[in-house]
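Visitor: Provided herewith: my_file37.txt, compact mmCIF, C-alpha atoms.
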# COMPACT_ATOMS: atom_id res chain seq x y z
CA MET A 5 -28.85 23.24 12.65
CA PRO A 6 -26.42 21.53 10.23
CA LYS A 7 -27.97 19.11 7.78
CA LYS A 8 -27.43 15.47 8.78
CA LEU A 9 -25.69 13.64 5.97
CA LYS A 10 -26.81 10.23 4.73
CA GLU A 11 -24.39 7.31 4.85
CA ASN A 12 -23.68 7.46 1.13
CA GLU A 13 -23.02 11.20 1.38
CA ILE A 14 -20.60 10.64 4.26
CA ALA A 15 -18.82 7.94 2.23
CA GLU A 16 -18.52 10.29 -0.74
CA LYS A 17 -17.12 13.07 1.46
CA ARG A 18 -14.52 10.72 2.92
CA LYS A 19 -13.62 9.51 -0.56
CA TYR A 20 -13.20 13.08 -1.78
CA ILE A 21 -11.00 14.07 1.17
CA LEU A 22 -8.80 10.99 0.70
CA ALA A 23 -8.43 11.69 -3.02
CA GLU A 24 -7.35 15.28 -2.34
CA ALA A 25 -4.98 14.11 0.39
CA ALA A 26 -3.36 11.61 -1.99
CA ILE A 27 -2.77 14.31 -4.59
CA MET A 28 -1.41 16.68 -1.96
CA PHE A 29 0.95 14.09 -0.45
CA GLN A 30 2.55 13.40 -3.82
CA GLY A 31 4.27 16.76 -3.69
CA MET A 32 5.45 16.86 -0.07
CA THR A 33 6.71 14.90 2.89
CA TYR A 34 4.56 13.63 5.76
CA VAL A 35 5.89 16.41 8.01
CA GLU A 36 5.10 19.10 5.42
CA PHE A 37 1.55 17.77 5.00
CA THR A 38 -0.90 19.69 7.22
CA MET A 39 -4.58 19.21 7.86
CA SER A 40 -5.06 22.98 7.52
CA GLU A 41 -3.74 22.93 3.97
CA LEU A 42 -5.84 19.88 3.16
CA ALA A 43 -8.94 21.67 4.45
CA ARG A 44 -8.11 24.69 2.26
CA ARG A 45 -7.73 22.49 -0.82
CA CYS A 46 -11.00 20.70 -0.05
CA ASN A 47 -12.74 24.04 0.56
CA MET A 48 -13.79 22.84 4.00
CA ALA A 49 -13.27 23.96 7.57
CA LYS A 50 -10.43 22.20 9.37
CA GLY A 51 -12.92 20.97 11.95
CA THR A 52 -14.91 19.29 9.18
CA ILE A 53 -11.86 17.31 8.10
CA PHE A 54 -11.37 16.13 11.68
CA ARG A 55 -14.99 14.97 11.87
CA TYR A 56 -14.19 12.47 9.11
CA PHE A 57 -10.63 11.63 10.24
CA GLU A 58 -9.88 12.17 13.93
CA THR A 59 -6.11 12.44 13.46
CA LYS A 60 -3.63 12.99 10.67
CA GLU A 61 -2.41 9.42 11.23
CA THR A 62 -5.96 8.09 10.85
CA LEU A 63 -6.30 9.95 7.56
CA PHE A 64 -3.04 8.46 6.27
CA THR A 65 -3.96 4.98 7.50
CA ASN A 66 -7.21 5.17 5.55
CA MET A 67 -5.22 6.34 2.54
CA LEU A 68 -2.89 3.35 2.94
CA TYR A 69 -5.69 0.79 2.99
CA ASP A 70 -7.31 2.46 -0.02
CA GLU A 71 -4.04 1.99 -1.89
CA TYR A 72 -3.90 -1.67 -0.85
CA GLN A 73 -7.38 -2.17 -2.29
CA LYS A 74 -6.34 -0.53 -5.58
CA TRP A 75 -3.28 -2.78 -5.76
CA PHE A 76 -5.20 -6.02 -5.23
CA LYS A 77 -8.04 -4.95 -7.52
CA ALA A 78 -5.55 -4.29 -10.33
CA GLU A 79 -3.83 -7.63 -9.71
CA LEU A 80 -7.16 -9.43 -9.80
CA MET A 81 -7.82 -7.91 -13.20
CA ASP A 82 -4.44 -9.20 -14.43
CA LEU A 83 -5.16 -12.57 -12.84
CA ASP A 84 -8.46 -12.82 -14.73
CA LYS A 85 -6.48 -12.85 -17.96
CA VAL A 86 -4.60 -16.01 -16.93
CA LYS A 87 -6.09 -19.39 -17.84
CA SER A 88 -3.79 -21.52 -15.69
CA PHE A 89 -0.39 -21.41 -13.97
CA THR A 90 2.65 -23.63 -14.03
CA LYS A 91 5.23 -23.02 -11.32
CA GLU A 92 7.38 -21.11 -13.77
CA SER A 93 4.55 -18.98 -15.18
CA TYR A 94 3.33 -18.17 -11.66
CA LYS A 95 6.83 -17.03 -10.70
CA ASP A 96 6.98 -14.83 -13.81
CA PHE A 97 3.51 -13.43 -13.04
CA ILE A 98 4.42 -12.46 -9.47
CA LEU A 99 7.72 -10.87 -10.48
CA GLN A 100 5.98 -8.87 -13.19
CA GLU A 101 3.27 -7.74 -10.78
CA THR A 102 5.95 -6.76 -8.26
CA LYS A 103 7.70 -4.63 -10.87
CA LYS A 104 4.37 -2.93 -11.58
CA VAL A 105 3.92 -2.10 -7.89
CA LEU A 106 7.39 -0.56 -7.74
CA SER A 107 6.88 1.54 -10.86
CA GLU A 108 3.19 2.43 -10.60
CA ARG A 109 2.32 2.49 -6.88
CA THR A 110 4.76 4.93 -5.34
CA LEU A 111 2.05 6.32 -3.04
CA LEU A 112 1.47 2.86 -1.56
CA ILE A 113 5.20 2.37 -1.04
CA ARG A 114 5.57 5.71 0.74
CA LEU A 115 2.61 4.99 3.01
CA VAL A 116 3.75 1.46 3.87
CA SER A 117 7.21 2.77 4.74
CA ILE A 118 5.83 5.08 7.47
CA LYS A 119 3.14 2.77 8.84
CA ARG A 120 4.99 1.35 11.84
CA THR A 121 7.15 4.36 12.65
CA ILE A 122 4.50 7.07 12.31
CA LEU A 123 0.98 5.97 11.44
CA ASP A 124 0.43 3.34 14.13
CA LYS A 125 1.16 5.82 16.93
CA ASN A 126 -2.09 7.80 16.88
CA VAL A 127 -4.65 5.91 14.84
CA ASN A 128 -8.38 5.59 15.26
CA ASN A 129 -8.73 1.92 16.27
CA GLU A 130 -12.08 1.50 14.55
CA ASP A 131 -10.63 2.64 11.23
CA LEU A 132 -7.56 0.46 11.76
CA VAL A 133 -9.67 -2.65 12.36
CA LYS A 134 -11.90 -1.86 9.40
CA GLY A 135 -8.87 -1.38 7.17
CA MET A 136 -7.27 -4.63 8.31
CA GLU A 137 -10.50 -6.55 7.75
CA GLY A 138 -10.80 -5.11 4.25
CA LEU A 139 -7.18 -5.98 3.49
CA THR A 140 -7.59 -9.55 4.75
CA LYS A 141 -10.74 -10.00 2.68
CA ALA A 142 -8.99 -8.71 -0.46
CA ILE A 143 -6.01 -11.04 0.07
CA LYS A 144 -8.35 -14.01 0.60
CA THR A 145 -10.19 -13.22 -2.63
CA LEU A 146 -6.91 -12.93 -4.52
CA SER A 147 -5.61 -16.16 -2.96
CA VAL A 148 -8.71 -18.19 -3.84
CA GLU A 149 -8.68 -16.89 -7.41
CA THR A 150 -4.95 -17.67 -7.74
CA VAL A 151 -5.29 -21.23 -6.46
CA SER A 152 -8.15 -21.90 -8.89
CA LYS A 153 -5.60 -21.56 -11.67
CA MET A 154 -2.97 -24.00 -10.30
CA ASP A 155 -2.55 -27.45 -8.79
CA PHE A 156 0.66 -27.03 -6.79
CA LEU A 157 -0.23 -24.63 -3.92
CA ASP A 158 -3.16 -24.40 -1.51
CA VAL A 159 -5.06 -21.31 -0.46
CA MET A 160 -3.27 -20.89 2.87
CA GLU A 161 0.17 -21.08 1.24
CA VAL A 162 -0.77 -18.40 -1.27
CA PHE A 163 -2.52 -16.29 1.36
CA GLU A 164 0.54 -16.27 3.61
CA PHE A 165 2.78 -15.40 0.68
CA TYR A 166 0.55 -12.50 -0.37
CA GLU A 167 0.40 -11.24 3.21
CA THR A 168 4.17 -10.89 3.31
CA ARG A 169 4.53 -8.95 0.06
CA HIS A 170 3.81 -5.53 1.53
CA LEU A 171 6.27 -6.33 4.33
CA ILE A 172 8.92 -7.13 1.73
CA ILE A 173 8.36 -3.74 0.12
CA ALA A 174 8.40 -1.85 3.43
CA GLY A 175 11.46 -3.70 4.70
CA SER A 176 13.39 -3.16 1.48
CA TYR A 177 12.58 0.54 1.50
CA ASN A 178 13.86 0.91 5.05
CA LEU A 179 17.03 -1.08 4.26
CA SER A 180 17.72 1.18 1.29
CA LEU A 181 18.00 4.05 3.80
CA SER A 182 20.19 2.12 6.24
CA ILE A 183 23.41 3.47 7.75
CA SER A 184 25.45 1.43 5.27
CA ASN A 185 24.16 3.67 2.49
CA ARG A 186 24.83 7.04 4.16
CA THR A 187 28.19 7.58 2.48
CA LYS A 188 26.72 6.79 -0.92
CA LEU A 189 23.80 9.12 -0.24
CA GLU A 190 26.23 11.97 0.33
CA GLU A 191 27.90 11.39 -3.04
CA LEU A 192 24.98 10.43 -5.28
CA ASP A 193 21.45 11.57 -5.93
CA GLN A 194 19.50 10.35 -2.90
CA GLU A 195 16.15 9.66 -4.58
CA ASN A 196 17.69 7.70 -7.44
CA LEU A 197 19.87 5.65 -5.11
CA VAL A 198 16.98 4.82 -2.80
CA LYS A 199 14.81 3.79 -5.75
CA LEU A 200 17.59 1.67 -7.24
CA ASP A 201 18.40 -0.06 -3.96
CA MET A 202 14.76 -0.61 -3.09
CA ASP A 203 13.88 -2.14 -6.44
CA ARG A 204 16.87 -4.48 -6.25
CA LEU A 205 16.08 -5.54 -2.68
CA VAL A 206 12.38 -6.08 -3.35
CA MET A 207 12.98 -8.19 -6.45
CA LYS A 208 15.74 -10.23 -4.82
CA THR A 209 13.68 -10.88 -1.67
CA THR A 210 10.55 -11.73 -3.68
CA GLU A 211 12.50 -14.20 -5.82
CA GLY A 212 13.82 -15.83 -2.65
CA GLN A 213 10.31 -16.13 -1.20
CA LEU A 214 9.03 -17.62 -4.46
CA LYS A 215 11.83 -20.17 -4.56
CA ALA A 216 11.05 -21.27 -1.02
CA LEU A 217 7.33 -21.42 -1.84
CA LEU A 218 7.60 -23.34 -5.11
CA ASP A 219 10.51 -25.73 -4.49
Kindly return the structure encoded in the file as C-alpha cells.
Guide:
Amino acid sequence: MPKKLKENEIAEKRKYILAEAAIMFQGMTYVEFTMSELARRCNMAKGTIFRYFETKETLFTNMLYDEYQKWFKAELMDLDKVKSFTKESYKDFILQETKKVLSERTLLIRLVSIKRTILDKNVNNEDLVKGMEGLTKAIKTLSVETVSKMDFLDVMEVFEFYETRHLIIAGSYNLSLSISNRTKLEELDQENLVKLDMDRLVMKTTEGQLKALLD
C-alpha cells in the first residue's frame, strides 16, 4: 500500500513539480510541452503528476498564480524601500516596476497571454478559485501598503488599478500579434518585433491609466 503523504509533503511535491514545469516551459511552446516529458524530468510516473494536477491546463494555471505571487512579493519589497509618495514619484515607481515585469518576468507574461484562450478551457475549478483568492489577497496587501505611503488615492482606487495591470500586459501582448503586424512579422525577426511592440503598448497603456488615476 502506498505511503500516505502528509500535507506539507504534498505541498513540497507540488512545488517541485511546478518548479520543474517552469524550467521546462522556458524552452518550448505550450503545444510542445507534454506531461509525459515533465514526469520524466521529475523522475515520476505520469499518473503521479496527474494526481497533483488533474489536467495540463490546471498545472499551467497553478504556475500562473505562482508567478503572480512572485511578482507582487517582489513589488512589496520595492515598496518597503519607499518612505512616501507624491503623485509624480508614484507614477515613476509604477512605470519602473512595469519595466521590471517586462524584462524580468517573461514566464508570467507568456502564461497570462494564454490564460483566456487555452488555460481556462479545462481547469480544475478548486485550483482556479484558490488561485484567484490568493491573487486577490496579494493585491489587497499591496494596495493597503501603497496607500499608507500617500494621501491622494484610497485603497479601492489603487486595488482596481493593480487588478488591471495584468490585463494591460495580456492585452498588449495579444495586440502585438494582431493582423496589422503580419506583414512586418514576415520581414523582421518575429520575437524581437513582438517584444518591441509589447513593451511599447504596455508602457503607453500604463501611462494612460496612471494619468486617468492621478489627474
Visitor: Please tabulate, as JSON lines, the residues of range 83-115 of chain A that come within 9 Å of range 66-76 of chain A, each with its closest pair of atoms and the distance in Å to one decimal, counting all atoms listed in the file and ordering rows by chain, then residue number upward.
Guide:
{"residue": "A:Val105", "atom": "CA", "partner": "A:Trp75", "partner_atom": "CA", "distance": 7.5}
{"residue": "A:Arg109", "atom": "CA", "partner": "A:Trp75", "partner_atom": "CA", "distance": 7.8}
{"residue": "A:Leu111", "atom": "CA", "partner": "A:Glu71", "partner_atom": "CA", "distance": 7.6}
{"residue": "A:Leu112", "atom": "CA", "partner": "A:Glu71", "partner_atom": "CA", "distance": 5.6}
{"residue": "A:Leu115", "atom": "CA", "partner": "A:Leu68", "partner_atom": "CA", "distance": 5.7}
Visitor: Let's have the selection written as a PDB file, in the coordinates of the input, with C-alpha atoms.
Guide:
ATOM      1  CA  VAL A 105       3.920  -2.100  -7.890  1.00  0.00           C
ATOM      2  CA  ARG A 109       2.320   2.490  -6.880  1.00  0.00           C
ATOM      3  CA  LEU A 111       2.050   6.320  -3.040  1.00  0.00           C
ATOM      4  CA  LEU A 112       1.470   2.860  -1.560  1.00  0.00           C
ATOM      5  CA  LEU A 115       2.610   4.990   3.010  1.00  0.00           C
TER       6      LEU A 115
END
Visitor: Pick the closest to Leu214 in chain A from A:Leu99, A:Ile113, A:Thr121, A:Tyr34: which is it, counting all atoms listed in the file?
Guide: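 Closest to Leu214 in chain A of all the choices is A:Leu99.
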Visitor: Could you jot down the CA of Asp155 in chain A to CA of Thr209 in chain A separation for me, Å, one decimal place?
Guide: 24.3 Å
Visitor: Which residues come within 12 Å of Asn129 in chain A, counting only C-alpha atoms, excluding same-chain residues fewer than 6 positions away, as a PyMOL selection string?
Guide: chain A and resi 57-59+61-62+65-66+123+135-136
Visitor: For a test of reading the model, state the distance in Å between CA of Lys153 in chain A and CA of Leu80 in chain A, rounded to one decimal.
Guide: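 Those two atoms sit 12.4 Å apart.
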Visitor: Counting all atoms listed in the file, write as a ChimeraX atom specification all protein and nucleic acid residues lying at most 8 Å from (-2.8, 20.5, 0.0) in the file's frame.
Guide: /A:24-25,27-29,37-38,41-45
Visitor: Looking at A:Asn128, A:Ser88, A:Thr102, A:Thr110, which one is nearest to Met207 in chain A, with distances taken over all atoms listed in the file?
Guide: A:Thr102
Visitor: Can you tell me, as AutoDock Vina command-line options, the centre and edge lengths (Å, one decimal) of the axis-aligned box enclosing all of range 125-143 of chain A's listed atoms after padding each side by 8 Å?
Guide:
--center_x -5.5 --center_y -1.6 --center_z 8.2 --size_x 29.2 --size_y 34.8 --size_z 33.4
Visitor: Any idea what's packed within 12 Å of Gln100 in chain A, counting only C-alpha atoms, ignoring anything in its chain fewer than 4 positions away? Could you give it as a ChimeraX atom specification?
Guide: /A:79,82-83,93-96,104-108,207,210-211
Visitor: Within 10 Å of (3.6, -12.3, -1.4), in the coordinates the file gives, what residues turn up when you count all atoms listed in the file, written out as a compact mmCIF listing (two decimals) with C-alpha atoms, in the coordinates of the input?
Guide:
# COMPACT_ATOMS: atom_id res chain seq x y z
CA ILE A 98 4.42 -12.46 -9.47
CA THR A 102 5.95 -6.76 -8.26
CA ILE A 143 -6.01 -11.04 0.07
CA GLU A 161 0.17 -21.08 1.24
CA VAL A 162 -0.77 -18.40 -1.27
CA PHE A 163 -2.52 -16.29 1.36
CA GLU A 164 0.54 -16.27 3.61
CA PHE A 165 2.78 -15.40 0.68
CA TYR A 166 0.55 -12.50 -0.37
CA GLU A 167 0.40 -11.24 3.21
CA THR A 168 4.17 -10.89 3.31
CA ARG A 169 4.53 -8.95 0.06
CA HIS A 170 3.81 -5.53 1.53
CA LEU A 171 6.27 -6.33 4.33
CA ILE A 172 8.92 -7.13 1.73
CA ILE A 173 8.36 -3.74 0.12
CA THR A 210 10.55 -11.73 -3.68
CA GLN A 213 10.31 -16.13 -1.20
CA LEU A 214 9.03 -17.62 -4.46
CA LEU A 217 7.33 -21.42 -1.84
Visitor: Which polymer residues have any atom within 8 Å of an atom of Met39 in chain A, counting all atoms listed in the file, with same-chain residues fewer than 4 positions away left out, as an NGL selection string?
Guide: :A and (43 or 50 or 53 or 60)
Visitor: As an exercise, work out the distance from CA of Thr52 in chain A to CA of Ile14 in chain A in Å and give it to one decimal place.
Guide: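 Interatomic distance, CA of Thr52 in chain A to CA of Ile14 in chain A: 11.5 Å.
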Visitor: Identify which of the residues A:Ile21, A:Arg204, A:Phe156, A:Glu11 lies closest to Glu92 in chain A, counting all atoms listed in the file when measuring atom-to-atom distances.
Guide: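 Between A:Ile21, A:Arg204, A:Phe156, A:Glu11, the residue approaching Glu92 in chain A most closely is A:Phe156.
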